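File shown: run11.tsv. Contents: TSV, C-alpha atoms and all ligand atoms.
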chain	number	residue	atom	x	y	z
A	1	ALA	CA	30.20	-0.82	12.91
A	2	CYS	CA	26.54	-1.01	12.08
A	3	SER	CA	25.53	-4.47	13.26
A	4	ARG	CA	22.88	-6.41	11.35
A	5	LYS	CA	20.49	-5.78	14.27
A	6	ASN	CA	20.91	-1.99	14.00
A	7	ARG	CA	20.42	-2.13	10.25
A	8	ASN	CA	17.21	-4.05	10.79
A	9	ALA	CA	16.03	-1.44	13.28
A	10	ALA	CA	15.18	0.74	10.26
A	11	LEU	CA	13.16	-2.08	8.68
A	12	HIS	CA	9.54	-1.77	9.73
A	13	PRO	CA	8.00	-5.21	10.42
A	14	LEU	CA	5.03	-4.21	8.30
A	15	TRP	CA	6.96	-3.66	5.13
A	16	GLN	CA	10.33	-5.48	5.33
A	17	SER	CA	11.71	-2.38	3.57
A	18	PRO	CA	13.47	0.75	4.79
A	19	LEU	CA	11.32	3.23	6.68
A	20	THR	CA	13.14	6.15	5.10
A	21	ILE	CA	13.76	6.87	1.42
A	22	PRO	CA	17.43	7.76	0.93
A	23	GLY	CA	17.52	11.37	-0.36
A	24	GLY	CA	13.77	11.80	0.23
A	25	THR	CA	12.88	15.50	0.48
A	26	ARG	CA	9.06	15.32	0.33
A	27	GLN	CA	7.98	12.31	2.39
A	28	SER	CA	4.58	11.72	4.02
A	29	PRO	CA	2.90	11.76	6.48
A	30	ILE	CA	3.74	14.99	8.33
A	31	ASN	CA	2.50	16.93	11.33
A	32	ILE	CA	0.44	19.93	10.16
A	33	GLN	CA	1.26	22.84	12.53
A	34	TRP	CA	-1.87	24.94	12.07
A	35	ARG	CA	-0.16	28.28	12.85
A	36	ASP	CA	2.66	27.58	10.37
A	37	SER	CA	0.29	26.89	7.46
A	38	VAL	CA	0.00	29.75	4.97
A	39	TYR	CA	-3.39	30.88	3.63
A	40	ASP	CA	-3.27	30.92	-0.19
A	41	PRO	CA	-6.12	33.06	-1.63
A	42	PHE	CA	-5.40	31.66	-5.10
A	43	LEU	CA	-6.36	28.10	-4.05
A	44	LYS	CA	-9.62	27.16	-5.75
A	45	PRO	CA	-12.44	25.15	-4.20
A	46	LEU	CA	-11.97	21.44	-4.73
A	47	LYS	CA	-14.62	20.04	-7.09
A	48	ILE	CA	-15.54	16.40	-6.53
A	49	SER	CA	-17.79	14.39	-8.84
A	50	TYR	CA	-17.95	10.66	-8.24
A	51	ASP	CA	-20.20	8.23	-10.12
A	52	PRO	CA	-21.28	5.57	-7.56
A	53	THR	CA	-21.60	2.93	-10.30
A	54	THR	CA	-17.82	3.07	-10.92
A	55	CYS	CA	-17.37	1.19	-7.63
A	56	LEU	CA	-16.00	-2.34	-8.25
A	57	HIS	CA	-14.98	-4.30	-5.12
A	58	ILE	CA	-13.43	-4.31	-1.65
A	59	TRP	CA	-10.02	-6.01	-1.35
A	60	ASN	CA	-7.90	-6.88	1.70
A	61	ASN	CA	-4.35	-6.39	0.38
A	62	GLY	CA	-2.67	-7.39	3.64
A	63	TYR	CA	-1.98	-3.79	4.62
A	64	SER	CA	-5.42	-2.11	4.56
A	65	PHE	CA	-8.74	-2.73	2.81
A	66	LEU	CA	-9.13	-0.97	-0.52
A	67	VAL	CA	-12.40	0.00	-2.21
A	68	GLU	CA	-11.43	0.05	-5.88
A	69	PHE	CA	-13.07	1.90	-8.76
A	70	ASP	CA	-13.23	1.58	-12.54
A	71	ASP	CA	-10.71	4.23	-13.61
A	72	SER	CA	-10.91	3.51	-17.36
A	73	THR	CA	-12.98	6.69	-17.93
A	74	ASP	CA	-13.37	10.16	-16.38
A	75	ARG	CA	-16.63	9.29	-14.62
A	76	SER	CA	-15.24	9.77	-11.08
A	77	ILE	CA	-12.90	12.74	-10.87
A	78	ILE	CA	-11.69	15.66	-8.78
A	79	VAL	CA	-10.56	19.01	-10.19
A	80	GLY	CA	-9.65	22.47	-8.85
A	81	GLY	CA	-8.15	23.01	-5.42
A	82	PRO	CA	-4.33	23.01	-5.85
A	83	LEU	CA	-4.58	20.77	-8.92
A	84	GLU	CA	-3.55	21.79	-12.47
A	85	ASN	CA	-5.45	18.93	-14.09
A	86	GLN	CA	-8.37	16.69	-13.25
A	87	TYR	CA	-7.53	13.44	-11.47
A	88	ARG	CA	-9.35	10.11	-11.66
A	89	LEU	CA	-10.48	8.17	-8.56
A	90	LYS	CA	-8.66	4.81	-8.35
A	91	GLN	CA	-9.34	3.58	-4.79
A	92	PHE	CA	-9.87	4.60	-1.21
A	93	HIS	CA	-8.58	2.97	1.97
A	94	PHE	CA	-8.01	3.73	5.63
A	95	HIS	CA	-5.27	3.71	8.29
A	96	TRP	CA	-6.19	3.09	11.93
A	97	GLY	CA	-4.85	2.23	15.40
A	98	ALA	CA	-5.32	-0.61	17.87
A	99	ILE	CA	-6.92	1.94	20.23
A	100	ASN	CA	-8.60	5.32	19.75
A	101	ASP	CA	-5.57	7.34	20.95
A	102	TRP	CA	-3.78	6.97	17.61
A	103	GLY	CA	-4.25	5.61	14.09
A	104	SER	CA	-4.12	8.54	11.67
A	105	GLU	CA	-1.04	9.13	9.50
A	106	HIS	CA	-1.12	12.93	9.47
A	107	THR	CA	-1.45	14.86	12.73
A	108	VAL	CA	-2.73	18.39	13.37
A	109	ASP	CA	-0.75	20.29	15.99
A	110	SER	CA	0.63	16.85	16.99
A	111	LYS	CA	-2.86	15.46	17.61
A	112	PHE	CA	-3.54	11.95	16.29
A	113	TYR	CA	-7.02	10.89	15.18
A	114	PRO	CA	-8.17	7.27	15.58
A	115	ALA	CA	-8.21	6.76	11.80
A	116	GLU	CA	-7.62	8.48	8.44
A	117	LEU	CA	-9.31	7.94	5.06
A	118	HIS	CA	-7.30	8.29	1.83
A	119	LEU	CA	-9.08	8.81	-1.50
A	120	VAL	CA	-6.46	8.12	-4.17
A	121	HIS	CA	-6.65	9.80	-7.60
A	122	TRP	CA	-4.23	9.88	-10.57
A	123	ASN	CA	-3.46	12.36	-13.35
A	124	ALA	CA	-4.99	10.64	-16.37
A	125	VAL	CA	-4.60	13.84	-18.43
A	126	GLU	CA	-0.79	13.56	-18.50
A	127	TYR	CA	-0.14	9.85	-17.84
A	128	PRO	CA	-1.46	6.64	-19.49
A	129	SER	CA	-1.88	4.60	-16.29
A	130	PHE	CA	-1.93	4.76	-12.49
A	131	GLU	CA	1.32	2.77	-12.40
A	132	GLU	CA	3.09	5.41	-14.50
A	133	ALA	CA	1.51	8.33	-12.60
A	134	VAL	CA	2.84	6.86	-9.31
A	135	MET	CA	6.37	7.65	-10.57
A	136	GLU	CA	5.71	11.33	-11.41
A	137	GLY	CA	5.89	14.41	-9.17
A	138	ASN	CA	2.35	15.49	-10.16
A	139	GLY	CA	1.05	11.99	-10.75
A	140	LEU	CA	-1.28	11.52	-7.77
A	141	ALA	CA	-3.70	13.51	-5.64
A	142	VAL	CA	-4.82	12.00	-2.34
A	143	ILE	CA	-7.63	13.49	-0.24
A	144	GLY	CA	-7.08	12.76	3.46
A	145	VAL	CA	-10.07	12.81	5.83
A	146	PHE	CA	-9.66	12.37	9.59
A	147	LEU	CA	-12.08	10.08	11.46
A	148	LYS	CA	-13.02	10.99	15.04
A	149	LEU	CA	-15.02	9.03	17.59
A	150	GLY	CA	-18.63	10.20	17.72
A	151	ALA	CA	-21.93	9.45	16.07
A	152	ARG	CA	-22.43	6.38	13.89
A	153	HIS	CA	-21.74	7.15	10.22
A	154	GLU	CA	-24.59	5.68	8.16
A	155	GLY	CA	-22.73	5.93	4.84
A	156	LEU	CA	-19.71	4.10	6.25
A	157	GLN	CA	-21.97	1.36	7.67
A	158	THR	CA	-22.65	-0.18	4.25
A	159	LEU	CA	-18.87	-0.61	3.93
A	160	VAL	CA	-18.48	-1.91	7.52
A	161	ASP	CA	-21.19	-4.56	6.88
A	162	ALA	CA	-19.07	-5.98	4.04
A	163	LEU	CA	-15.78	-6.19	5.98
A	164	PRO	CA	-16.27	-9.71	7.47
A	165	ALA	CA	-16.16	-10.99	3.87
A	166	VAL	CA	-12.61	-9.61	3.46
A	167	LYS	CA	-11.25	-10.60	6.89
A	168	HIS	CA	-8.16	-12.30	5.48
A	169	LYS	CA	-5.36	-10.99	3.27
A	170	ASP	CA	-6.03	-11.39	-0.49
A	171	THR	CA	-9.78	-11.80	-0.11
A	172	VAL	CA	-12.12	-9.66	-2.25
A	173	ILE	CA	-15.84	-9.04	-2.40
A	174	GLU	CA	-17.91	-7.39	-5.09
A	175	PHE	CA	-19.15	-3.97	-4.00
A	176	ASP	CA	-20.93	-2.41	-6.88
A	177	VAL	CA	-22.60	0.82	-5.83
A	178	PHE	CA	-21.05	3.23	-3.37
A	179	ASP	CA	-20.66	7.00	-3.44
A	180	PRO	CA	-17.47	7.91	-1.54
A	181	SER	CA	-18.49	11.57	-1.38
A	182	CYS	CA	-20.70	10.52	1.56
A	183	LEU	CA	-17.41	10.09	3.49
A	184	LEU	CA	-16.37	13.72	2.99
A	185	PRO	CA	-17.07	16.44	5.57
A	186	SER	CA	-19.39	19.20	4.33
A	187	CYS	CA	-16.82	21.90	5.22
A	188	PRO	CA	-14.73	22.81	2.12
A	189	ASP	CA	-11.61	23.82	4.09
A	190	TYR	CA	-8.34	21.91	3.49
A	191	TRP	CA	-4.58	22.04	3.82
A	192	THR	CA	-2.36	21.03	0.88
A	193	TYR	CA	1.32	20.13	0.52
A	194	ALA	CA	3.67	18.16	-1.76
A	195	GLY	CA	4.36	14.67	-0.39
A	196	SER	CA	4.65	10.96	-1.05
A	197	LEU	CA	2.93	7.61	-0.77
A	198	THR	CA	3.00	6.50	2.87
A	199	THR	CA	3.57	2.85	1.97
A	200	PRO	CA	6.17	1.31	-0.34
A	201	PRO	CA	7.16	2.36	-2.98
A	202	LEU	CA	6.97	5.67	-0.99
A	203	THR	CA	7.34	7.60	-4.26
A	204	GLU	CA	7.24	11.42	-4.08
A	205	SER	CA	4.29	11.77	-6.42
A	206	VAL	CA	1.39	12.93	-4.21
A	207	THR	CA	-0.32	16.30	-3.94
A	208	TRP	CA	-1.92	15.90	-0.50
A	209	ILE	CA	-5.26	17.56	0.21
A	210	ILE	CA	-6.05	17.15	3.91
A	211	LYS	CA	-9.57	18.16	4.99
A	212	LYS	CA	-9.62	20.41	8.05
A	213	LYS	CA	-12.83	18.90	9.54
A	214	PRO	CA	-13.02	15.23	10.56
A	215	ILE	CA	-16.00	12.95	9.97
A	216	GLU	CA	-17.57	11.13	12.94
A	217	VAL	CA	-17.74	7.33	13.26
A	218	ASP	CA	-18.70	5.27	16.30
A	219	GLU	CA	-16.71	2.74	18.37
A	220	ASP	CA	-18.37	-0.30	16.73
A	221	GLN	CA	-17.36	0.95	13.29
A	222	LEU	CA	-13.72	1.42	14.37
A	223	GLU	CA	-13.80	-2.03	16.00
A	224	ALA	CA	-14.97	-3.48	12.68
A	225	PHE	CA	-11.75	-2.16	11.07
A	226	ARG	CA	-9.73	-3.78	13.88
A	227	MET	CA	-11.17	-7.24	13.32
A	228	LEU	CA	-9.60	-7.43	9.87
A	229	LEU	CA	-6.39	-9.47	9.58
A	230	PHE	CA	-2.98	-8.79	8.02
A	231	THR	CA	-2.70	-12.56	7.57
A	232	SER	CA	-4.10	-15.02	5.06
A	233	ASP	CA	-6.62	-17.74	5.93
A	234	GLY	CA	-4.82	-20.62	7.69
A	235	GLU	CA	-1.90	-18.46	8.92
A	236	GLU	CA	-1.52	-17.48	12.58
A	237	GLU	CA	-3.91	-14.54	12.95
A	238	LYS	CA	-2.45	-11.03	13.20
A	239	ARG	CA	-5.07	-8.27	13.66
A	240	MET	CA	-4.88	-5.47	11.09
A	241	VAL	CA	-4.18	-2.47	13.37
A	242	ASP	CA	-1.57	0.33	13.56
A	243	ASN	CA	-1.14	0.31	9.76
A	244	PHE	CA	0.17	3.89	9.68
A	245	ARG	CA	3.62	5.22	8.84
A	246	PRO	CA	5.60	7.32	11.36
A	247	LEU	CA	5.72	11.09	10.85
A	248	GLN	CA	8.33	12.34	8.37
A	249	PRO	CA	10.40	15.55	8.46
A	250	LEU	CA	8.79	18.63	6.84
A	251	MET	CA	12.16	19.72	5.38
A	252	ASP	CA	11.87	22.61	2.92
A	253	ARG	CA	8.07	22.53	2.52
A	254	THR	CA	5.20	24.90	3.27
A	255	VAL	CA	1.70	23.67	4.06
A	256	ARG	CA	-0.89	25.95	2.44
A	257	SER	CA	-4.46	26.40	3.68
A	258	SER	CA	-7.56	27.14	1.63
A	259	PHE	CA	-9.01	29.07	4.58
A	260	GLN	CA	-8.03	31.99	6.84
B	301	LIG	N1	-1.34	5.59	1.85
B	301	LIG	S1	-1.28	6.36	0.42
B	301	LIG	O1	-2.56	7.03	0.17
B	301	LIG	O2	-0.12	7.23	0.43
B	301	LIG	C1	-1.05	5.21	-0.86
B	301	LIG	C2	-1.83	5.28	-2.01
B	301	LIG	C3	-1.63	4.36	-3.02
B	301	LIG	F1	-2.39	4.41	-4.11
B	301	LIG	C4	-0.67	3.38	-2.91
B	301	LIG	C5	0.09	3.33	-1.77
B	301	LIG	F2	1.04	2.38	-1.65
B	301	LIG	C6	-0.08	4.24	-0.74
B	302	ZN	ZN	-3.10	5.69	2.75

Will you turn the file into structure tokens for me?
Amino acid sequence: ACSRKNRNAALHPLWQSPLTIPGGTRQSPINIQWRDSVYDPFLKPLKISYDPTTCLHIWNNGYSFLVEFDDSTDRSIIVGGPLENQYRLKQFHFHWGAINDWGSEHTVDSKFYPAELHLVHWNAVEYPSFEEAVMEGNGLAVIGVFLKLGARHEGLQTLVDALPAVKHKDTVIEFDVFDPSCLLPSCPDYWTYAGSLTTPPLTESVTWIIKKKPIEVDEDQLEAFRMLLFTSDGEEEKRMVDNFRPLQPLMDRTVRSSFQ
């Protein structure tokens, strides 16, 4: 018989909800096996146009820190790549580890990076709101960018300087001009596959666009992520680290590449 303890084994402490979606066939994250990815010559270049003044605030939601944008107009959008429509930028956030040996959600040939950036966009052409798009197979497009340890990233530093103000869960700080395209590698190459959100509700609504080249950040900048807390002010402090989901089975999916 499945004892209560075993049943709870599938409940991840971070989410108090099942780690696997019953009947899920396109879950994220996954390992990207470079040699199994298929070059698709029909993939277009991804076109990114962000308006830095659409930036609103930084918010610690108790799982990561989100930089949120005004998505009431088409001022910050992506188009092209594997996408049929243009998608509006809603927020970006990161996933990272307690140490530099792990932290990313996706892996490349089973290699973890110390952190991963997710730029979250939704299909405002076909759906009236982000909340509705989250429930649709083509509702979201998330650009994933790996972070590797190296030189200090000047663009990221303006964000890092604001993090002490959102140390605790449910704290927010105004952040009114930031151009997230400074966080993208200059190389246009990417992989793409059909997947899901990596945190509850884990809905299978994401077209993932994973950049081949990482960006470089330095140790102090990663340490700044690790001083954030999962917990609210006054609670026993729990450092916000290892906020990544375990790898999910590829099942019947192909990862396409925009490059040979
Ligand atoms: N981590 S993720 O990019 O898949 C993601 C994006 C989002 F908008 C909401 C979520 F709960 C999770
Ligand atoms: Zn994410």

Output as CSV one row per residue of chain A within 12 Å of ligand ZN 302 (chain B): the closest atom pair and its distance in Å to one decimal place, counting only C-alpha atoms and all ligand atoms, sorted by chain and residue number ascending.
residue,atom,partner,partner_atom,distance
A:Ser28,CA,B:ZN302,ZN,9.8
A:Pro29,CA,B:ZN302,ZN,9.3
A:Tyr63,CA,B:ZN302,ZN,9.7
A:Ser64,CA,B:ZN302,ZN,8.3
A:Phe65,CA,B:ZN302,ZN,10.1
A:Leu66,CA,B:ZN302,ZN,9.6
A:Val67,CA,B:ZN302,ZN,12.0
A:Gln91,CA,B:ZN302,ZN,10.0
A:Phe92,CA,B:ZN302,ZN,7.9
A:His93,CA,B:ZN302,ZN,6.2
A:Phe94,CA,B:ZN302,ZN,6.0
A:His95,CA,B:ZN302,ZN,6.3
A:Trp96,CA,B:ZN302,ZN,10.0
A:Gly103,CA,B:ZN302,ZN,11.4
A:Ser104,CA,B:ZN302,ZN,9.4
A:Glu105,CA,B:ZN302,ZN,7.9
A:His106,CA,B:ZN302,ZN,10.1
A:Ala115,CA,B:ZN302,ZN,10.4
A:Glu116,CA,B:ZN302,ZN,7.8
A:Leu117,CA,B:ZN302,ZN,7.0
A:His118,CA,B:ZN302,ZN,5.0
A:Leu119,CA,B:ZN302,ZN,8.0
A:Val120,CA,B:ZN302,ZN,8.1
A:His121,CA,B:ZN302,ZN,11.7
A:Ala141,CA,B:ZN302,ZN,11.5
A:Val142,CA,B:ZN302,ZN,8.3
A:Ile143,CA,B:ZN302,ZN,9.5
A:Gly144,CA,B:ZN302,ZN,8.1
A:Val145,CA,B:ZN302,ZN,10.4
A:Phe146,CA,B:ZN302,ZN,11.6
A:Ser196,CA,B:ZN302,ZN,10.1
A:Leu197,CA,B:ZN302,ZN,7.2
A:Thr198,CA,B:ZN302,ZN,6.2
A:Thr199,CA,B:ZN302,ZN,7.3
A:Pro200,CA,B:ZN302,ZN,10.7
A:Leu202,CA,B:ZN302,ZN,10.7
A:Val206,CA,B:ZN302,ZN,11.0
A:Trp208,CA,B:ZN302,ZN,10.8
A:Ile210,CA,B:ZN302,ZN,11.9
A:Asn243,CA,B:ZN302,ZN,9.1
A:Phe244,CA,B:ZN302,ZN,7.9
A:Arg245,CA,B:ZN302,ZN,9.1

Please provide as a VMD selection string all residues within 9 Å of Ile173 (chain A), with the sequence filter that same-chain residues fewer than 3 positions apart are discarded (counting only C-alpha atoms).
chain A and resid 56 to 59 162 to 163 165 to 166

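The nearest approach to ligand LIG 301 (chain B) among the residues A:Asp218, A:Asp109, A:Glu223, A:Glu132, with only C-alpha atoms and all ligand atoms taken into account, belongs to A:Glu132.
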
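Note that CA of Pro128 (chain A) and CA of Phe175 (chain A) are 25.8 Å apart.
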
What is the CA of Glu131 (chain A)-CA of Val255 (chain A) distance in Å, reported with one decimal?
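Going from CA of Glu131 (chain A) over to CA of Val255 (chain A), I get 26.6 Å.
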
Determine the nearest neighbour of ligand LIG 301 (chain B) from the options A:Phe230, A:Phe259, A:Tyr127, A:Phe69, counting all atoms listed in the file.
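Comparing A:Phe230, A:Phe259, A:Tyr127, A:Phe69 against ligand LIG 301 (chain B), the winner is A:Phe69.
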
Put the listed atoms of region 135-138 of chain A in a box along x, y and z with 5 Å added on every side and give me the centre and edge lengths in Å to one decimal, as lines of an AutoDock Vina configuration file.
center_x = 4.4
center_y = 11.6
center_z = -10.3
size_x = 14.0
size_y = 17.8
size_z = 12.2

Pick out the closest residue to Asp176 (chain A) from this set: A:Ser76, A:Asn85, A:Thr54, A:Ser37. Count all atoms listed in the file.
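The answer is A:Thr54, which sits nearest to Asp176 (chain A).
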
Could you check how far CA of Val177 (chain A) sits from CA of Gly155 (chain A), in Å to one decimal?
11.8 Å

Using only C-alpha atoms for the distances, tell me which of A:Phe112, A:Ile48, A:Leu89, A:Ser186 is nearest to Asn31 (chain A).
A:Phe112

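Distances from A:Ser72, A:Thr207, A:Thr171, A:Ser258 to ligand LIG 301 (chain B) were compared using only C-alpha atoms and all ligand atoms, and the smallest one belongs to A:Thr207.
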
When you count all atoms listed in the file, which of these residues is closest to ligand LIG 301 (chain B): A:Val38, A:Ile99, A:Ile209, A:Leu228?
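For ligand LIG 301 (chain B), the nearest of the candidates is A:Ile209.
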
What's the 7 Å shell around Leu149 (chain A), counting all atoms listed in the file, without same-chain residues fewer than 5 positions away, as a PyMOL selection string?
chain A and resi 216-219

What's the 9 Å shell around Val134 (chain A), counting all atoms listed in the file, without same-chain residues fewer than 2 positions away, as a ChimeraX atom specification?
/A:122,129-132,136-140,197,201,203-206
